[in-house]
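Student: I have a structure I would like to understand better, so I am pasting it below and will then ask my questions one at a time.
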Amino acid sequence: VRKHLAPPLPNHSVVQPSSGGDLGAVSAAPWGQAGIACIPWMFCTMLGEKGLTDSAKYAILNANYMKARLEGHYQIVATNKNNRCSHEFIIDCSDLRRTAGIVEEDIAKRLQDYGFHAPTMSWPVPHSLMVEPTESEDKAELDRFCDAMISIRAECKKIED
């Protein structure tokens, strides 16, 4: 980078890059992990233009399918004017916090009992779960997740009542 941009850049404790700034290291490797660049490159190369486009379409379709299944059970936020989402959707858990004392971490932990990895919590919306199905999940897996979420919501309803 140019000299006037160097001060806010990180430096490294072992290797001093010529453009290093005053902020200290941000990782153990001075130049990051070059191997990580192979993943998106291979993804794009193996899929090609049509495959990459189709992959994005499937991710959006999967998210909207799941959103439609869950919106009668949970408060879904951040949709567009057509009530659609992108490749992810956000469940606002604020109402459950108020009515039952159940927080997003409780739902995330309960999902683990069903064998699911917890969704992103409280980002970008506080007290929320961000569900981001991938293009590679089949309908049976999407349904299994939705069924688990609906079952968890029924458990929450018992506490509310």
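Naming scheme: A, B, ... for chains in displayed order of the structure tokens; residues 1 onward per chain; ligands 1 onward as shown.
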Please provide the set of residues having any atom within 10 Å of region 90-102 of chain A, restricted to only C-alpha atoms, with same-chain residues fewer than 6 positions apart removed, written as a PyMOL selection string.

Tutor: chain A and resi 67+70-71+73-79+119-132+153+156-161

Student: Please give the complete set of residues from region 27-113 of chain A that DSSP, run on the backbone, assigns to helix (DSSP H, G or I), formatted as a compact mmCIF listing (two decimals) with all heavy atoms, in the first residue's frame.

Tutor:
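Below is the file that was written, result_36.txt:
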# COMPACT_ATOMS: atom_id res chain seq x y z
N ALA A 34 -3.04 -19.10 2.80
CA ALA A 34 -3.22 -19.13 1.34
C ALA A 34 -4.10 -20.29 0.90
O ALA A 34 -4.81 -20.19 -0.11
CB ALA A 34 -1.86 -19.21 0.66
N GLY A 35 -4.10 -21.37 1.65
CA GLY A 35 -4.91 -22.53 1.28
C GLY A 35 -6.39 -22.25 1.24
O GLY A 35 -7.14 -22.90 0.52
N ILE A 36 -6.84 -21.27 2.00
CA ILE A 36 -8.27 -20.96 2.03
C ILE A 36 -8.76 -20.45 0.69
O ILE A 36 -9.91 -20.63 0.32
CB ILE A 36 -8.59 -19.96 3.17
CG1 ILE A 36 -10.08 -19.98 3.50
CG2 ILE A 36 -8.14 -18.57 2.84
CD1 ILE A 36 -10.55 -21.22 4.18
N ALA A 37 -7.88 -19.84 -0.09
CA ALA A 37 -8.26 -19.34 -1.40
C ALA A 37 -8.59 -20.46 -2.37
O ALA A 37 -9.30 -20.26 -3.36
CB ALA A 37 -7.15 -18.45 -1.98
N CYS A 38 -8.10 -21.66 -2.10
CA CYS A 38 -8.37 -22.80 -2.98
C CYS A 38 -9.84 -23.21 -2.96
O CYS A 38 -10.37 -23.67 -3.96
CB CYS A 38 -7.53 -24.00 -2.58
SG CYS A 38 -5.77 -23.71 -2.76
N ILE A 39 -10.51 -23.03 -1.83
CA ILE A 39 -11.89 -23.49 -1.71
C ILE A 39 -12.82 -22.75 -2.66
O ILE A 39 -13.50 -23.37 -3.47
CB ILE A 39 -12.36 -23.42 -0.24
CG1 ILE A 39 -11.53 -24.38 0.61
CG2 ILE A 39 -13.85 -23.71 -0.12
CD1 ILE A 39 -11.71 -24.21 2.10
N PRO A 40 -12.88 -21.41 -2.62
CA PRO A 40 -13.78 -20.74 -3.58
C PRO A 40 -13.33 -20.91 -5.02
O PRO A 40 -14.17 -21.00 -5.93
CB PRO A 40 -13.76 -19.27 -3.15
CG PRO A 40 -12.56 -19.12 -2.28
CD PRO A 40 -12.29 -20.47 -1.69
N TRP A 41 -12.02 -20.98 -5.24
CA TRP A 41 -11.54 -21.16 -6.61
C TRP A 41 -12.02 -22.51 -7.16
O TRP A 41 -12.54 -22.59 -8.28
CB TRP A 41 -10.01 -21.07 -6.66
CG TRP A 41 -9.48 -21.28 -8.05
CD1 TRP A 41 -9.43 -20.38 -9.06
CD2 TRP A 41 -8.95 -22.51 -8.58
NE1 TRP A 41 -8.90 -20.94 -10.20
CE2 TRP A 41 -8.59 -22.26 -9.92
CE3 TRP A 41 -8.73 -23.77 -8.05
CZ2 TRP A 41 -8.05 -23.24 -10.73
CZ3 TRP A 41 -8.18 -24.74 -8.86
CH2 TRP A 41 -7.85 -24.47 -10.19
N MET A 42 -11.88 -23.57 -6.37
CA MET A 42 -12.32 -24.89 -6.82
C MET A 42 -13.85 -24.92 -6.98
O MET A 42 -14.37 -25.53 -7.92
CB MET A 42 -11.88 -25.98 -5.84
CG MET A 42 -10.41 -26.30 -5.91
SD MET A 42 -9.88 -26.87 -7.55
CE MET A 42 -10.82 -28.38 -7.70
N PHE A 43 -14.56 -24.30 -6.05
CA PHE A 43 -16.02 -24.24 -6.13
C PHE A 43 -16.44 -23.62 -7.46
O PHE A 43 -17.26 -24.18 -8.18
CB PHE A 43 -16.53 -23.42 -4.94
CG PHE A 43 -18.02 -23.43 -4.77
CD1 PHE A 43 -18.66 -24.52 -4.20
CD2 PHE A 43 -18.77 -22.33 -5.14
CE1 PHE A 43 -20.04 -24.52 -4.02
CE2 PHE A 43 -20.15 -22.32 -4.97
CZ PHE A 43 -20.79 -23.42 -4.41
N CYS A 44 -15.87 -22.48 -7.80
CA CYS A 44 -16.21 -21.79 -9.04
C CYS A 44 -15.76 -22.56 -10.27
O CYS A 44 -16.48 -22.66 -11.26
CB CYS A 44 -15.61 -20.38 -9.06
SG CYS A 44 -16.31 -19.28 -7.83
N THR A 45 -14.56 -23.13 -10.20
CA THR A 45 -14.02 -23.86 -11.34
C THR A 45 -14.82 -25.13 -11.63
O THR A 45 -15.14 -25.42 -12.77
CB THR A 45 -12.54 -24.22 -11.08
OG1 THR A 45 -11.82 -23.01 -10.86
CG2 THR A 45 -11.93 -24.97 -12.24
N MET A 46 -15.15 -25.86 -10.58
CA MET A 46 -15.87 -27.12 -10.78
C MET A 46 -17.32 -26.89 -11.22
O MET A 46 -17.84 -27.64 -12.04
CB MET A 46 -15.85 -27.96 -9.51
CG MET A 46 -14.47 -28.52 -9.20
SD MET A 46 -14.42 -29.69 -7.84
CE MET A 46 -15.18 -28.82 -6.50
N LEU A 47 -17.96 -25.85 -10.71
CA LEU A 47 -19.35 -25.60 -11.07
C LEU A 47 -19.50 -24.92 -12.42
O LEU A 47 -20.46 -25.16 -13.14
CB LEU A 47 -20.03 -24.74 -10.00
CG LEU A 47 -20.33 -25.42 -8.69
CD1 LEU A 47 -20.91 -24.43 -7.70
CD2 LEU A 47 -21.29 -26.58 -8.88
N GLY A 48 -18.58 -24.05 -12.76
CA GLY A 48 -18.72 -23.29 -13.99
C GLY A 48 -19.78 -22.21 -13.85
O GLY A 48 -20.44 -22.09 -12.82
N GLU A 49 -19.95 -21.43 -14.90
CA GLU A 49 -20.88 -20.30 -14.84
C GLU A 49 -22.32 -20.74 -14.57
O GLU A 49 -22.99 -20.21 -13.69
CB GLU A 49 -20.81 -19.51 -16.15
CG GLU A 49 -21.69 -18.28 -16.17
CD GLU A 49 -21.59 -17.50 -17.47
OE1 GLU A 49 -20.60 -17.66 -18.20
OE2 GLU A 49 -22.51 -16.72 -17.74
N LYS A 50 -22.80 -21.73 -15.31
CA LYS A 50 -24.18 -22.19 -15.13
C LYS A 50 -24.36 -22.84 -13.77
O LYS A 50 -25.35 -22.59 -13.07
CB LYS A 50 -24.58 -23.16 -16.23
CG LYS A 50 -26.03 -23.61 -16.09
CD LYS A 50 -26.46 -24.53 -17.20
CE LYS A 50 -27.88 -25.02 -17.11
NZ LYS A 50 -28.55 -24.99 -15.85
N GLY A 51 -23.42 -23.65 -13.37
CA GLY A 51 -23.52 -24.32 -12.07
C GLY A 51 -23.51 -23.34 -10.91
O GLY A 51 -24.23 -23.51 -9.93
N LEU A 52 -22.67 -22.31 -11.02
CA LEU A 52 -22.60 -21.30 -9.97
C LEU A 52 -23.92 -20.51 -9.89
O LEU A 52 -24.43 -20.26 -8.80
CB LEU A 52 -21.43 -20.36 -10.24
CG LEU A 52 -20.95 -19.51 -9.09
CD1 LEU A 52 -20.57 -20.34 -7.89
CD2 LEU A 52 -19.76 -18.67 -9.54
N THR A 53 -24.48 -20.18 -11.05
CA THR A 53 -25.77 -19.48 -11.09
C THR A 53 -26.87 -20.36 -10.50
O THR A 53 -27.67 -19.91 -9.68
CB THR A 53 -26.12 -19.06 -12.53
OG1 THR A 53 -25.08 -18.21 -13.02
CG2 THR A 53 -27.45 -18.34 -12.59
N ASP A 54 -26.89 -21.62 -10.90
CA ASP A 54 -27.91 -22.55 -10.38
C ASP A 54 -27.75 -22.73 -8.87
O ASP A 54 -28.73 -22.80 -8.13
CB ASP A 54 -27.81 -23.90 -11.07
CG ASP A 54 -28.33 -23.87 -12.50
OD1 ASP A 54 -28.98 -22.87 -12.89
OD2 ASP A 54 -28.06 -24.84 -13.23
N SER A 55 -26.52 -22.81 -8.41
CA SER A 55 -26.24 -22.97 -6.99
C SER A 55 -26.83 -21.81 -6.19
O SER A 55 -27.46 -22.01 -5.14
CB SER A 55 -24.73 -23.06 -6.79
OG SER A 55 -24.42 -23.18 -5.44
N ALA A 56 -26.63 -20.59 -6.67
CA ALA A 56 -27.18 -19.42 -5.99
C ALA A 56 -28.71 -19.46 -6.00
O ALA A 56 -29.36 -19.15 -4.99
CB ALA A 56 -26.68 -18.14 -6.67
N LYS A 57 -29.29 -19.88 -7.12
CA LYS A 57 -30.75 -19.97 -7.21
C LYS A 57 -31.30 -21.00 -6.21
O LYS A 57 -32.33 -20.76 -5.58
CB LYS A 57 -31.18 -20.33 -8.63
CG LYS A 57 -30.99 -19.20 -9.62
CD LYS A 57 -31.36 -19.64 -11.03
CE LYS A 57 -31.13 -18.53 -12.04
NZ LYS A 57 -31.46 -18.97 -13.41
N TYR A 58 -30.62 -22.14 -6.10
CA TYR A 58 -31.07 -23.18 -5.15
C TYR A 58 -30.97 -22.70 -3.71
O TYR A 58 -31.84 -22.99 -2.89
CB TYR A 58 -30.27 -24.47 -5.33
CG TYR A 58 -30.61 -25.23 -6.58
CD1 TYR A 58 -29.63 -25.66 -7.45
CD2 TYR A 58 -31.94 -25.53 -6.90
CE1 TYR A 58 -29.94 -26.36 -8.60
CE2 TYR A 58 -32.26 -26.22 -8.05
CZ TYR A 58 -31.26 -26.65 -8.89
OH TYR A 58 -31.58 -27.33 -10.03
N ALA A 59 -29.92 -21.96 -3.39
CA ALA A 59 -29.77 -21.44 -2.03
C ALA A 59 -30.92 -20.49 -1.70
O ALA A 59 -31.49 -20.53 -0.60
CB ALA A 59 -28.42 -20.74 -1.87
N ILE A 60 -31.28 -19.63 -2.63
CA ILE A 60 -32.39 -18.69 -2.44
C ILE A 60 -33.71 -19.44 -2.34
O ILE A 60 -34.55 -19.15 -1.48
CB ILE A 60 -32.40 -17.63 -3.56
CG1 ILE A 60 -31.15 -16.75 -3.46
CG2 ILE A 60 -33.68 -16.80 -3.51
CD1 ILE A 60 -30.90 -15.88 -4.68
N LEU A 61 -33.90 -20.41 -3.21
CA LEU A 61 -35.13 -21.22 -3.18
C LEU A 61 -35.25 -21.96 -1.85
O LEU A 61 -36.33 -21.97 -1.23
CB LEU A 61 -35.12 -22.20 -4.35
CG LEU A 61 -36.34 -23.10 -4.48
CD1 LEU A 61 -37.58 -22.29 -4.80
CD2 LEU A 61 -36.09 -24.15 -5.57
N ASN A 62 -34.17 -22.57 -1.39
CA ASN A 62 -34.19 -23.31 -0.13
C ASN A 62 -34.54 -22.40 1.04
O ASN A 62 -35.34 -22.77 1.91
CB ASN A 62 -32.85 -24.00 0.12
CG ASN A 62 -32.62 -25.19 -0.78
OD1 ASN A 62 -33.54 -25.65 -1.45
ND2 ASN A 62 -31.40 -25.69 -0.81
N ALA A 63 -33.95 -21.23 1.09
CA ALA A 63 -34.22 -20.30 2.19
C ALA A 63 -35.69 -19.85 2.17
O ALA A 63 -36.34 -19.79 3.23
CB ALA A 63 -33.29 -19.09 2.10
N ASN A 64 -36.23 -19.56 1.00
CA ASN A 64 -37.61 -19.13 0.92
C ASN A 64 -38.59 -20.26 1.23
O ASN A 64 -39.65 -20.03 1.82
CB ASN A 64 -37.91 -18.49 -0.44
CG ASN A 64 -37.45 -17.05 -0.47
OD1 ASN A 64 -38.11 -16.18 0.04
ND2 ASN A 64 -36.27 -16.82 -1.06
N TYR A 65 -38.24 -21.47 0.87
CA TYR A 65 -39.07 -22.63 1.23
C TYR A 65 -39.13 -22.78 2.75
O TYR A 65 -40.21 -22.92 3.34
CB TYR A 65 -38.51 -23.90 0.58
CG TYR A 65 -39.18 -25.16 1.09
CD1 TYR A 65 -40.47 -25.49 0.68
CD2 TYR A 65 -38.54 -26.00 2.00
CE1 TYR A 65 -41.10 -26.63 1.15
CE2 TYR A 65 -39.16 -27.13 2.48
CZ TYR A 65 -40.44 -27.45 2.05
OH TYR A 65 -41.06 -28.57 2.54
N MET A 66 -37.98 -22.74 3.40
CA MET A 66 -37.93 -22.88 4.85
C MET A 66 -38.63 -21.72 5.55
O MET A 66 -39.36 -21.91 6.53
CB MET A 66 -36.49 -23.00 5.33
CG MET A 66 -35.82 -24.29 4.88
SD MET A 66 -34.10 -24.37 5.37
CE MET A 66 -34.30 -24.65 7.12
N LYS A 67 -38.44 -20.53 5.05
CA LYS A 67 -39.09 -19.35 5.62
C LYS A 67 -40.60 -19.52 5.56
O LYS A 67 -41.31 -19.26 6.54
CB LYS A 67 -38.66 -18.09 4.90
CG LYS A 67 -39.24 -16.81 5.48
CD LYS A 67 -38.95 -15.60 4.62
CE LYS A 67 -39.88 -15.46 3.48
NZ LYS A 67 -41.31 -15.31 3.78
N ALA A 68 -41.11 -19.98 4.42
CA ALA A 68 -42.55 -20.17 4.26
C ALA A 68 -43.08 -21.22 5.24
O ALA A 68 -44.17 -21.07 5.79
CB ALA A 68 -42.86 -20.57 2.82
N ARG A 69 -42.31 -22.26 5.48
CA ARG A 69 -42.75 -23.29 6.43
C ARG A 69 -42.75 -22.80 7.87
O ARG A 69 -43.57 -23.22 8.67
CB ARG A 69 -41.84 -24.52 6.34
CG ARG A 69 -42.18 -25.40 5.18
CD ARG A 69 -41.95 -26.87 5.40
NE ARG A 69 -42.58 -27.41 6.60
CZ ARG A 69 -42.14 -28.48 7.24
NH1 ARG A 69 -41.08 -29.11 6.82
NH2 ARG A 69 -42.75 -28.92 8.31
N LEU A 70 -41.83 -21.91 8.19
CA LEU A 70 -41.67 -21.49 9.59
C LEU A 70 -42.39 -20.20 9.94
O LEU A 70 -42.57 -19.90 11.13
CB LEU A 70 -40.17 -21.36 9.92
CG LEU A 70 -39.38 -22.66 9.88
CD1 LEU A 70 -37.90 -22.40 10.10
CD2 LEU A 70 -39.91 -23.66 10.89
N SER A 94 -37.36 -12.22 20.03
CA SER A 94 -37.70 -11.26 21.08
C SER A 94 -39.04 -11.57 21.73
O SER A 94 -39.19 -11.42 22.95
CB SER A 94 -37.74 -9.83 20.52
OG SER A 94 -36.47 -9.47 20.06
N ASP A 95 -40.02 -12.01 20.93
CA ASP A 95 -41.33 -12.32 21.50
C ASP A 95 -41.26 -13.49 22.47
O ASP A 95 -41.90 -13.48 23.51
CB ASP A 95 -42.36 -12.58 20.39
CG ASP A 95 -41.96 -13.71 19.45
OD1 ASP A 95 -40.74 -13.99 19.32
OD2 ASP A 95 -42.86 -14.29 18.81
N LEU A 96 -40.45 -14.50 22.16
CA LEU A 96 -40.30 -15.65 23.07
C LEU A 96 -39.58 -15.25 24.35
O LEU A 96 -39.87 -15.78 25.42
CB LEU A 96 -39.53 -16.77 22.37
CG LEU A 96 -40.27 -17.44 21.21
CD1 LEU A 96 -39.36 -18.41 20.49
CD2 LEU A 96 -41.50 -18.14 21.72
N ARG A 97 -38.66 -14.32 24.23
CA ARG A 97 -37.96 -13.80 25.41
C ARG A 97 -38.96 -13.14 26.35
O ARG A 97 -38.92 -13.35 27.56
CB ARG A 97 -36.88 -12.81 24.96
CG ARG A 97 -36.09 -12.16 26.07
CD ARG A 97 -35.09 -11.17 25.49
NE ARG A 97 -34.02 -11.84 24.79
CZ ARG A 97 -32.83 -12.12 25.32
NH1 ARG A 97 -32.56 -11.79 26.56
NH2 ARG A 97 -31.91 -12.74 24.61
N ARG A 98 -39.88 -12.36 25.77
CA ARG A 98 -40.88 -11.64 26.59
C ARG A 98 -41.93 -12.58 27.16
O ARG A 98 -42.30 -12.47 28.32
CB ARG A 98 -41.59 -10.58 25.74
CG ARG A 98 -40.86 -9.28 25.61
CD ARG A 98 -41.73 -8.20 24.97
NE ARG A 98 -42.41 -8.64 23.75
CZ ARG A 98 -41.86 -8.67 22.54
NH1 ARG A 98 -40.61 -8.29 22.38
NH2 ARG A 98 -42.55 -9.06 21.50
N THR A 99 -42.45 -13.50 26.35
CA THR A 99 -43.59 -14.31 26.77
C THR A 99 -43.23 -15.56 27.55
O THR A 99 -44.05 -16.05 28.32
CB THR A 99 -44.44 -14.72 25.55
OG1 THR A 99 -43.63 -15.49 24.65
CG2 THR A 99 -44.99 -13.50 24.82
N ALA A 100 -42.02 -16.09 27.34
CA ALA A 100 -41.67 -17.36 27.98
C ALA A 100 -40.29 -17.36 28.64
O ALA A 100 -39.92 -18.35 29.27
CB ALA A 100 -41.74 -18.49 26.96
N GLU A 104 -32.60 -16.99 22.30
CA GLU A 104 -32.10 -17.65 21.08
C GLU A 104 -31.12 -18.77 21.38
O GLU A 104 -31.09 -19.79 20.69
CB GLU A 104 -31.51 -16.62 20.12
CG GLU A 104 -30.35 -15.80 20.65
CD GLU A 104 -30.76 -14.63 21.53
OE1 GLU A 104 -31.94 -14.44 21.84
OE2 GLU A 104 -29.84 -13.89 21.91
N GLU A 105 -30.32 -18.63 22.44
CA GLU A 105 -29.38 -19.70 22.81
C GLU A 105 -30.12 -20.98 23.20
O GLU A 105 -29.63 -22.08 22.94
CB GLU A 105 -28.48 -19.27 23.97
CG GLU A 105 -27.47 -18.21 23.62
CD GLU A 105 -27.95 -16.80 23.91
OE1 GLU A 105 -29.17 -16.57 24.06
OE2 GLU A 105 -27.11 -15.90 23.96
N ASP A 106 -31.27 -20.83 23.85
CA ASP A 106 -32.07 -22.00 24.23
C ASP A 106 -32.52 -22.77 22.99
O ASP A 106 -32.44 -24.00 22.96
CB ASP A 106 -33.30 -21.58 25.05
CG ASP A 106 -32.93 -20.91 26.36
OD1 ASP A 106 -31.91 -21.30 26.97
OD2 ASP A 106 -33.67 -20.00 26.78
N ILE A 107 -32.97 -22.05 21.99
CA ILE A 107 -33.41 -22.70 20.75
C ILE A 107 -32.22 -23.34 20.04
O ILE A 107 -32.29 -24.46 19.55
CB ILE A 107 -34.14 -21.70 19.84
CG1 ILE A 107 -35.41 -21.20 20.54
CG2 ILE A 107 -34.47 -22.32 18.48
CD1 ILE A 107 -36.08 -20.04 19.84
N ALA A 108 -31.10 -22.63 20.00
CA ALA A 108 -29.89 -23.16 19.35
C ALA A 108 -29.43 -24.44 20.04
O ALA A 108 -29.07 -25.42 19.37
CB ALA A 108 -28.78 -22.12 19.37
N LYS A 109 -29.45 -24.45 21.37
CA LYS A 109 -29.03 -25.66 22.09
C LYS A 109 -30.01 -26.80 21.86
O LYS A 109 -29.61 -27.96 21.75
CB LYS A 109 -28.91 -25.36 23.59
CG LYS A 109 -27.71 -24.50 23.90
CD LYS A 109 -27.65 -24.16 25.38
CE LYS A 109 -26.48 -23.24 25.68
NZ LYS A 109 -26.44 -22.86 27.10
N ARG A 110 -31.29 -26.48 21.79
CA ARG A 110 -32.29 -27.52 21.53
C ARG A 110 -32.12 -28.09 20.13
O ARG A 110 -32.32 -29.30 19.92
CB ARG A 110 -33.70 -26.93 21.72
CG ARG A 110 -34.80 -27.97 21.69
CD ARG A 110 -34.76 -28.86 22.93
NE ARG A 110 -35.86 -29.80 22.90
CZ ARG A 110 -35.74 -31.09 22.53
NH1 ARG A 110 -34.56 -31.58 22.21
NH2 ARG A 110 -36.79 -31.87 22.49
N LEU A 111 -31.75 -27.26 19.17
CA LEU A 111 -31.48 -27.77 17.82
C LEU A 111 -30.36 -28.79 17.82
O LEU A 111 -30.37 -29.74 17.03
CB LEU A 111 -31.14 -26.61 16.87
CG LEU A 111 -32.31 -25.87 16.27
CD1 LEU A 111 -31.84 -24.61 15.56
CD2 LEU A 111 -33.10 -26.76 15.32
N GLN A 112 -29.38 -28.62 18.70
CA GLN A 112 -28.29 -29.58 18.79
C GLN A 112 -28.81 -30.95 19.22
O GLN A 112 -28.27 -31.98 18.81
CB GLN A 112 -27.21 -29.08 19.74
CG GLN A 112 -26.45 -27.90 19.18
CD GLN A 112 -25.43 -27.34 20.15
OE1 GLN A 112 -25.49 -27.56 21.36
NE2 GLN A 112 -24.47 -26.61 19.61
N ASP A 113 -29.86 -30.97 20.03
CA ASP A 113 -30.47 -32.25 20.42
C ASP A 113 -31.05 -32.98 19.23
O ASP A 113 -31.18 -34.20 19.24
CB ASP A 113 -31.58 -32.02 21.46
CG ASP A 113 -31.04 -31.49 22.78
OD1 ASP A 113 -29.84 -31.71 23.08
OD2 ASP A 113 -31.82 -30.84 23.52

Student: As a PyMOL selection string, please: every residue in chain A that a backbone DSSP assignment puts in strand (DSSP E).

Tutor: chain A and resi 75-77+89-92+120-121+128-131

Student: What does the distance from CA of Phe116 (chain A) to CA of Ala148 (chain A) come to in Å, to one decimal?

Tutor: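 Straight-line distance from CA of Phe116 (chain A) to CA of Ala148 (chain A) works out to 9.2 Å.
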